[in-house]
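J.: Dropping in entry-v1.txt, which is compact mmCIF, C-alpha atoms (C1' of nucleotides):
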```txt
# COMPACT_ATOMS: atom_id res chain seq x y z
CA MET X 1 217.67 -53.75 146.43
CA THR X 2 220.74 -55.78 146.86
CA LYS X 3 222.86 -55.29 149.91
CA ARG X 4 224.30 -51.85 149.82
CA ASP X 5 227.95 -51.75 150.47
CA GLN X 6 228.43 -48.10 149.85
CA LEU X 7 228.92 -45.58 152.56
CA GLY X 8 226.18 -43.22 153.52
CA ASN X 9 227.04 -39.67 154.33
CA PHE X 10 227.09 -40.10 158.05
CA GLU X 11 228.87 -43.42 157.82
CA LEU X 12 231.62 -41.79 155.84
CA MET X 13 231.99 -39.13 158.48
CA VAL X 14 232.21 -41.71 161.20
CA MET X 15 234.84 -43.63 159.25
CA LEU X 16 236.93 -40.52 158.78
CA THR X 17 236.75 -39.74 162.46
CA LEU X 18 237.68 -43.30 163.27
CA ILE X 19 240.77 -43.03 161.11
CA ARG X 20 241.73 -39.78 162.75
CA LEU X 21 241.34 -41.04 166.29
CA GLY X 22 243.32 -44.20 165.76
CA GLU X 23 243.81 -46.09 169.01
CA ASN X 24 241.37 -44.10 171.04
CA ALA X 25 238.30 -44.60 168.93
CA TYR X 26 235.20 -45.47 170.86
CA GLY X 27 231.68 -44.11 170.91
CA VAL X 28 232.00 -41.06 173.06
CA PRO X 29 235.12 -39.44 171.62
CA ILE X 30 234.02 -40.29 168.10
CA SER X 31 230.85 -38.38 168.71
CA GLU X 32 232.72 -35.46 170.25
CA GLU X 33 235.32 -35.23 167.54
CA LEU X 34 232.60 -35.32 164.92
CA GLU X 35 230.78 -32.46 166.58
CA LYS X 36 233.95 -30.47 166.92
CA ARG X 37 234.97 -30.82 163.30
CA THR X 38 231.62 -30.42 161.64
CA GLY X 39 229.96 -28.03 164.02
CA ARG X 40 226.83 -30.12 163.85
CA ASP X 41 224.99 -31.76 166.70
CA VAL X 42 225.61 -35.46 166.78
CA ALA X 43 223.36 -37.83 168.68
CA ILE X 44 225.45 -40.52 170.25
CA GLY X 45 222.86 -43.12 169.31
CA SER X 46 223.42 -42.30 165.65
CA VAL X 47 227.08 -43.00 166.01
CA TYR X 48 226.55 -46.42 167.53
CA ALA X 49 223.96 -47.26 164.91
CA ALA X 50 226.36 -46.31 162.15
CA LEU X 51 229.18 -48.27 163.77
CA GLU X 52 227.02 -51.35 163.91
CA ARG X 53 226.14 -51.07 160.25
CA LEU X 54 229.78 -50.53 159.39
CA GLU X 55 230.79 -53.58 161.35
CA ASP X 56 228.15 -55.64 159.56
CA LYS X 57 229.62 -54.53 156.27
CA GLY X 58 233.10 -55.44 157.40
CA PHE X 59 234.41 -51.90 157.32
CA VAL X 60 235.28 -51.79 160.99
CA THR X 61 235.97 -54.24 163.76
CA SER X 62 235.42 -53.76 167.44
CA GLU X 63 236.99 -55.03 170.60
CA LEU X 64 235.94 -54.63 174.17
CA GLY X 65 238.48 -52.76 176.28
CA GLU X 66 239.40 -53.68 179.80
CA ALA X 67 237.79 -51.87 182.63
CA THR X 68 239.97 -49.00 183.65
CA PRO X 69 240.64 -48.62 187.32
CA GLU X 70 240.37 -45.11 188.67
CA ARG X 71 237.05 -44.41 187.12
CA GLY X 72 233.54 -45.76 187.18
CA GLY X 73 231.57 -46.64 184.15
CA ARG X 74 231.19 -49.43 181.74
CA ALA X 75 234.02 -50.80 179.62
CA LYS X 76 234.74 -49.13 176.34
CA ARG X 77 234.30 -50.73 172.99
CA TYR X 78 237.12 -49.78 170.69
CA PHE X 79 236.63 -49.58 166.98
CA ARG X 80 239.14 -49.91 164.22
CA VAL X 81 238.90 -49.45 160.47
CA THR X 82 239.62 -52.55 158.41
CA GLY X 83 241.53 -52.69 155.16
CA ARG X 84 238.34 -53.00 153.21
CA GLY X 85 236.94 -50.11 155.17
CA LEU X 86 239.84 -47.88 154.33
CA LYS X 87 239.58 -48.84 150.71
CA GLU X 88 235.90 -47.98 150.67
CA VAL X 89 236.56 -44.61 152.25
CA ARG X 90 239.15 -43.87 149.60
CA GLU X 91 236.75 -44.82 146.86
CA THR X 92 233.96 -42.70 148.20
CA GLN X 93 236.33 -39.82 148.61
CA ARG X 94 237.58 -40.23 145.09
CA ALA X 95 234.06 -40.30 143.68
CA LEU X 96 233.22 -37.06 145.44
CA VAL X 97 236.39 -35.29 144.45
CA LYS X 98 235.86 -36.39 140.89
CA LEU X 99 232.40 -34.91 140.96
CA TRP X 100 233.44 -31.54 142.24
CA HIS X 101 236.83 -31.35 140.57
CA GLY X 102 237.21 -28.32 138.38
CA LEU X 103 233.96 -26.65 139.32
CA PRO X 104 234.69 -22.93 139.63
CA GLU X 105 231.64 -22.53 141.86
CA LEU X 106 233.41 -24.49 144.57
CA GLU X 107 236.61 -23.80 146.39
CA GLY X 108 237.73 -27.36 145.98
CA GLY X 109 237.95 -26.93 142.25
CA LYS X 110 241.70 -26.83 142.47
CA VAL X 111 242.08 -29.97 144.54
CA MET F 112 213.31 -36.19 163.32
CA THR F 113 212.80 -32.64 162.31
CA LYS F 114 213.00 -31.79 158.68
CA ARG F 115 216.45 -32.57 157.48
CA ASP F 116 218.01 -29.84 155.47
CA GLN F 117 221.31 -31.54 155.02
CA LEU F 118 222.31 -33.29 151.89
CA GLY F 119 222.43 -37.02 151.69
CA ASN F 120 225.26 -38.61 149.82
CA PHE F 121 223.32 -39.17 146.66
CA GLU F 122 221.70 -35.78 146.82
CA LEU F 123 225.11 -34.18 147.03
CA MET F 124 226.22 -36.08 143.98
CA VAL F 125 223.19 -34.96 142.06
CA MET F 126 223.79 -31.36 143.09
CA LEU F 127 227.38 -31.52 141.93
CA THR F 128 226.34 -32.94 138.60
CA LEU F 129 223.71 -30.27 138.26
CA ILE F 130 226.32 -27.58 138.80
CA ARG F 131 228.59 -29.16 136.24
CA LEU F 132 225.95 -29.50 133.56
CA GLY F 133 224.69 -25.96 133.88
CA GLU F 134 222.11 -25.19 131.20
CA ASN F 135 221.66 -28.71 130.06
CA ALA F 136 220.65 -30.29 133.31
CA TYR F 137 217.69 -32.57 133.10
CA GLY F 138 217.01 -36.10 134.27
CA VAL F 139 218.63 -38.17 131.58
CA PRO F 140 222.00 -36.41 131.19
CA ILE F 141 222.26 -35.97 134.95
CA SER F 142 221.95 -39.69 135.33
CA GLU F 143 224.45 -40.37 132.55
CA GLU F 144 227.02 -37.90 133.80
CA LEU F 145 226.73 -39.34 137.27
CA GLU F 146 227.36 -42.83 135.98
CA LYS F 147 230.27 -41.68 133.89
CA ARG F 148 232.00 -39.88 136.72
CA THR F 149 231.39 -42.29 139.53
CA GLY F 150 231.43 -45.55 137.65
CA ARG F 151 228.39 -46.67 139.58
CA ASP F 152 225.06 -47.74 138.21
CA VAL F 153 222.48 -45.04 138.67
CA ALA F 154 218.77 -45.78 138.47
CA ILE F 155 217.05 -42.92 136.75
CA GLY F 156 214.20 -43.14 139.21
CA SER F 157 216.56 -42.37 142.06
CA VAL F 158 217.67 -39.24 140.31
CA TYR F 159 214.17 -37.93 139.91
CA ALA F 160 213.34 -38.79 143.49
CA ALA F 161 216.39 -36.92 144.72
CA LEU F 162 215.57 -33.95 142.51
CA GLU F 163 212.11 -33.78 143.95
CA ARG F 164 213.44 -33.79 147.49
CA LEU F 165 215.96 -31.13 146.58
CA GLU F 166 213.28 -28.96 145.09
CA ASP F 167 211.19 -29.33 148.24
CA LYS F 168 214.13 -28.14 150.26
CA GLY F 169 214.63 -25.17 147.98
CA PHE F 170 218.03 -26.30 146.74
CA VAL F 171 216.99 -26.53 143.10
CA THR F 172 214.27 -25.13 140.87
CA SER F 173 212.83 -26.67 137.77
CA GLU F 174 211.30 -25.43 134.59
CA LEU F 175 209.63 -27.23 131.77
CA GLY F 176 211.47 -26.89 128.49
CA GLU F 177 209.79 -26.40 125.16
CA ALA F 178 209.32 -29.33 122.89
CA THR F 179 212.21 -29.52 120.53
CA PRO F 180 211.41 -30.07 116.90
CA GLU F 181 213.44 -32.70 115.12
CA ARG F 182 212.93 -35.30 117.73
CA GLY F 183 210.13 -37.19 119.37
CA GLY F 184 209.72 -37.54 123.05
CA ARG F 185 208.31 -35.67 125.92
CA ALA F 186 209.44 -32.19 126.95
CA LYS F 187 212.42 -31.93 129.23
CA ARG F 188 212.32 -30.58 132.71
CA TYR F 189 215.38 -28.47 133.35
CA PHE F 190 216.84 -28.15 136.80
CA ARG F 191 218.94 -25.40 138.24
CA VAL F 192 220.76 -25.02 141.54
CA THR F 193 219.56 -22.14 143.72
CA GLY F 194 221.75 -19.85 145.78
CA ARG F 195 220.80 -21.70 148.93
CA GLY F 196 221.53 -24.94 147.17
CA LEU F 197 225.01 -23.87 146.19
CA LYS F 198 225.67 -22.69 149.71
CA GLU F 199 224.57 -26.02 151.11
CA VAL F 200 226.83 -27.88 148.71
CA ARG F 201 229.77 -25.75 149.77
CA GLU F 202 229.04 -26.41 153.41
CA THR F 203 228.78 -30.13 152.95
CA GLN F 204 231.96 -30.13 150.95
CA ARG F 205 233.73 -28.14 153.60
CA ALA F 206 232.60 -30.48 156.36
CA LEU F 207 233.94 -33.47 154.46
CA VAL F 208 237.24 -31.87 153.59
CA LYS F 209 237.67 -30.84 157.19
CA LEU F 210 237.12 -34.41 158.26
CA TRP F 211 239.66 -35.91 155.94
CA HIS F 212 242.13 -33.06 155.94
CA GLY F 213 245.57 -34.09 157.03
CA LEU F 214 244.92 -37.80 157.22
CA PRO F 215 247.97 -39.53 155.80
CA GLU F 216 245.89 -42.61 155.04
CA LEU F 217 244.07 -40.67 152.34
CA GLU F 218 245.34 -39.01 149.23
CA GLY F 219 243.30 -35.94 149.91
CA GLY F 220 245.33 -35.19 153.00
CA LYS F 221 247.06 -32.40 151.23
CA VAL F 222 243.96 -30.68 149.95
C1' DA C 223 193.87 -36.01 108.51
C1' DC C 224 194.08 -40.30 111.42
C1' DT C 225 196.13 -44.02 113.81
C1' DC C 226 200.11 -46.29 115.34
C1' DA C 227 204.79 -47.49 116.37
C1' DT C 228 208.76 -45.26 118.12
C1' DT C 229 211.38 -42.21 120.83
C1' DT C 230 212.44 -39.57 124.83
C1' DA C 231 211.48 -38.42 129.30
C1' DT C 232 209.03 -38.17 133.64
C1' DT C 233 206.15 -40.15 137.30
C1' DC C 234 204.57 -43.81 140.35
C1' DA C 235 204.35 -47.47 143.72
C1' DC C 236 206.84 -50.06 146.69
C1' DT C 237 210.69 -51.88 149.31
C1' DA C 238 215.12 -51.43 151.57
C1' DT C 239 218.49 -48.91 153.98
C1' DT C 240 220.13 -45.11 156.53
C1' DC C 241 219.62 -41.58 159.94
C1' DT C 242 217.87 -39.65 164.22
C1' DT C 243 216.12 -39.37 168.88
C1' DG C 244 215.12 -40.40 173.51
C1' DA C 245 214.91 -43.72 176.82
C1' DA C 246 216.57 -47.93 178.77
C1' DT C 247 220.12 -50.83 180.23
C1' DA C 248 224.73 -52.28 181.65
C1' DA C 249 228.91 -52.35 184.17
C1' DA C 250 232.27 -50.36 187.06
C1' DT C 251 233.62 -47.48 191.31
C1' DG C 252 233.50 -45.77 196.02
C1' DC R 253 223.21 -47.89 196.65
C1' DA R 254 224.22 -43.54 194.19
C1' DT R 255 227.09 -42.00 190.61
C1' DT R 256 229.62 -42.21 186.49
C1' DT R 257 230.57 -43.71 181.94
C1' DA R 258 229.22 -46.05 178.10
C1' DT R 259 226.49 -49.02 175.13
C1' DT R 260 222.08 -50.88 173.47
C1' DC R 261 217.27 -50.62 172.06
C1' DA R 262 213.04 -49.36 169.84
C1' DA R 263 210.50 -46.74 166.90
C1' DG R 264 209.80 -43.36 163.44
C1' DA R 265 211.31 -40.29 159.55
C1' DA R 266 214.15 -39.38 155.64
C1' DT R 267 216.87 -41.09 151.89
C1' DA R 268 217.95 -44.45 148.32
C1' DG R 269 216.91 -47.86 144.74
C1' DT R 270 214.04 -50.59 141.30
C1' DG R 271 210.91 -51.85 137.77
C1' DA R 272 206.85 -50.73 135.59
C1' DA R 273 203.62 -47.34 134.06
C1' DT R 274 202.49 -43.20 131.94
C1' DA R 275 203.05 -39.04 129.16
C1' DA R 276 204.03 -36.29 125.28
C1' DA R 277 206.03 -35.54 120.96
C1' DT R 278 207.37 -37.11 116.04
C1' DG R 279 206.93 -39.25 111.66
C1' DA R 280 205.42 -43.00 108.68
C1' DG R 281 201.91 -45.23 106.35
C1' DT R 282 197.41 -45.27 104.72
```
Please rewrite the model in this file as structure tokens.
T.:
Amino acid sequence: MTKRDQLGNFELMVMLTLIRLGENAYGVPISEELEKRTGRDVAIGSVYAALERLEDKGFVTSELGEATPERGGRAKRYFRVTGRGLKEVRETQRALVKLWHGLPELEGGKV
Amino acid sequence: MTKRDQLGNFELMVMLTLIRLGENAYGVPISEELEKRTGRDVAIGSVYAALERLEDKGFVTSELGEATPERGGRAKRYFRVTGRGLKEVRETQRALVKLWHGLPELEGGKV
DNA sequence: ACTCATTTATTCACTATTCTTGAATAAATG
DNA sequence: CATTTATTCAAGAATAGTGAATAAATGAGT
């Protein structure tokens, strides 16, 4: 099996959340936003694992934030989608839409 | 990890293809249709593996077809999406659309 | 009818990657 | 040092991917 560059289901979801959050994307809020939007439980460990894989693939980059005064706790690690990452998201999205396009059984048929 | 009832990326794609093909859904055409629509190489073995998982989860059923005269070859095994399967597809689709809805970076923002 | 090559399709065995969970660790503050 | 906030780790289960093997049916040739 050659290196897989495609996005898994969860990876795609993380990418989409990353895009949505923009500047404020780090582990905790990513996880929360994901839970809020999907209604599913999200283990924070899963998110970090996915982010690491995504960084390995070059779909995201990360940068350690400065410690914020006025609050305890470790520094945040901010994540950002790369150009390649965005492109990959678009492609995955397109593949899915193509697959469900026009199916009367699904609401999205008219997309 | 308790039994996962959610659809993986590839499983979702297989389900969508299954819905599209309707009556004529068996291994070979599923694989071909998938390749045609996504432009990706699809190993036939993967398709059967996914179908087996999906059947275990109750998302599809299968039935052995009769041998067709006028052609050699083994009998086909036809697959069909169950009610639960269709529901699961809809839910997965909805989760994805919700995640990318309104993102200006993606074409689908207007869906 | 019998055997064999051919065709069509499914199953198998194995490896790699992704996903999930719970616990551990790290770093900052007061 | 206790508390807070956040990331990292380790291990196991599920999903994905590949190539080869097997199965079942047909028709040709003898």
J.: Have a look at CA of Val171 in chain F and CA of Ala154 in chain F and let me know their distance in Å, one decimal.
T.: 19.9 Å
J.: Please report as a list in words which residues of chain R come no farther than 12 Å from chain F, using all atoms listed in the file.
T.: DA263, DG264, DA265, DA266, DT267, DA268, DG269, DT270, DG271, DA272, DT274, DA275, DA276, DA277, DT278 and DG279 of chain R
J.: Wanna dump the chain C-chain F contacts at 9 Å for me, each residue with its shortest atom pair and the distance in Å to one decimal, counting all atoms listed in the file, ordered by chain and number, as a tab-separated table?
T.:
```
residue	atom	partner	partner_atom	distance
C:DT228	C1'	F:Gly183	CA	8.3
C:DT229	C1'	F:Gly183	CA	5.4
C:DT230	C1'	F:Gly184	CA	3.8
C:DA231	C1'	F:Arg185	CA	5.4
C:DT232	C1'	F:Tyr159	CA	8.1
C:DT233	C1'	F:Tyr159	CA	8.7
C:DC241	C1'	F:Met112	CA	9.0
C:DT242	C1'	F:Met112	CA	5.8
C:DT243	C1'	F:Met112	CA	7.0
```
J.: Residues of chain X no more than 9 Å from chain F, counting only C-alpha atoms: send them over as an mmCIF file with C-alpha atoms, in the frame of the given file.
T.:
```
data_model
loop_
_atom_site.group_PDB
_atom_site.id
_atom_site.type_symbol
_atom_site.label_atom_id
_atom_site.label_comp_id
_atom_site.auth_asym_id
_atom_site.auth_seq_id
_atom_site.Cartn_x
_atom_site.Cartn_y
_atom_site.Cartn_z
ATOM 1 C CA LEU X 7 228.920 -45.580 152.560
ATOM 2 C CA GLY X 8 226.180 -43.220 153.520
ATOM 3 C CA ASN X 9 227.040 -39.670 154.330
ATOM 4 C CA PHE X 10 227.090 -40.100 158.050
ATOM 5 C CA LEU X 12 231.620 -41.790 155.840
ATOM 6 C CA MET X 13 231.990 -39.130 158.480
ATOM 7 C CA LEU X 16 236.930 -40.520 158.780
ATOM 8 C CA THR X 17 236.750 -39.740 162.460
ATOM 9 C CA ILE X 19 240.770 -43.030 161.110
ATOM 10 C CA ARG X 20 241.730 -39.780 162.750
ATOM 11 C CA LEU X 34 232.600 -35.320 164.920
ATOM 12 C CA ARG X 37 234.970 -30.820 163.300
ATOM 13 C CA THR X 38 231.620 -30.420 161.640
ATOM 14 C CA GLY X 39 229.960 -28.030 164.020
ATOM 15 C CA LEU X 86 239.840 -47.880 154.330
ATOM 16 C CA VAL X 89 236.560 -44.610 152.250
ATOM 17 C CA ARG X 90 239.150 -43.870 149.600
ATOM 18 C CA GLN X 93 236.330 -39.820 148.610
ATOM 19 C CA ARG X 94 237.580 -40.230 145.090
ATOM 20 C CA ALA X 95 234.060 -40.300 143.680
ATOM 21 C CA LEU X 96 233.220 -37.060 145.440
ATOM 22 C CA VAL X 97 236.390 -35.290 144.450
ATOM 23 C CA LYS X 98 235.860 -36.390 140.890
ATOM 24 C CA LEU X 99 232.400 -34.910 140.960
ATOM 25 C CA TRP X 100 233.440 -31.540 142.240
ATOM 26 C CA GLY X 102 237.210 -28.320 138.380
ATOM 27 C CA LEU X 103 233.960 -26.650 139.320
ATOM 28 C CA GLU X 105 231.640 -22.530 141.860
ATOM 29 C CA LEU X 106 233.410 -24.490 144.570
ATOM 30 C CA GLU X 107 236.610 -23.800 146.390
ATOM 31 C CA GLY X 108 237.730 -27.360 145.980
ATOM 32 C CA LYS X 110 241.700 -26.830 142.470
ATOM 33 C CA VAL X 111 242.080 -29.970 144.540
#
```
J.: What's the separation between CA of Thr82 in chain X and CA of Ser62 in chain X, in Å to one decimal place?
T.: 10.0 Å
J.: Please indicate the distance in Å from C1' of DT259 in chain R to CA of Leu18 in chain X, rounded to one decimal place.
T.: 17.3 Å
J.: Between X:Asp5, X:Glu88, X:Pro29, X:Glu35, which has the minimum distance to DA258 in chain R (counting only C-alpha atoms (C1' of nucleotides))?
T.: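 Distance minimum relative to DA258 in chain R lands on X:Pro29.
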J.: Using all atoms of range 258-277 of chain R that appear in the file, construct an axis-aligned enclosing box with 4 Å of padding on every side and provide its centre coordinates and edge lengths in Å, rounded to one decimal, as JSON.
T.:
```
{"center_x": 215.9, "center_y": -43.7, "center_z": 149.5, "size_x": 34.7, "size_y": 24.3, "size_z": 65.1}
```
J.: Please provide as a ChimeraX atom specification all residues within 10 Å of DA262 in chain R, with the sequence filter that same-chain residues fewer than 4 positions apart are discarded (counting only C-alpha atoms (C1' of nucleotides)).
T.: /C:244-246
J.: Next, the residues of the selection above should be written as a short mmCIF file (atom, residue, chain, number, x, y, z; two decimals), in the frame of the given file with C-alpha atoms (C1' of nucleotides).
T.:
```cif
data_model
loop_
_atom_site.label_atom_id
_atom_site.label_comp_id
_atom_site.auth_asym_id
_atom_site.auth_seq_id
_atom_site.Cartn_x
_atom_site.Cartn_y
_atom_site.Cartn_z
"C1'" DG C 244 215.12 -40.40 173.51
"C1'" DA C 245 214.91 -43.72 176.82
"C1'" DA C 246 216.57 -47.93 178.77
#
```
J.: Find, counting only C-alpha atoms, the residue in X:Glu63, X:Asp41, X:Asp56, X:Glu32 that gets nearest to Gly85 in chain X.
T.: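 The shortest atom-to-atom distance to Gly85 in chain X comes from X:Asp56.
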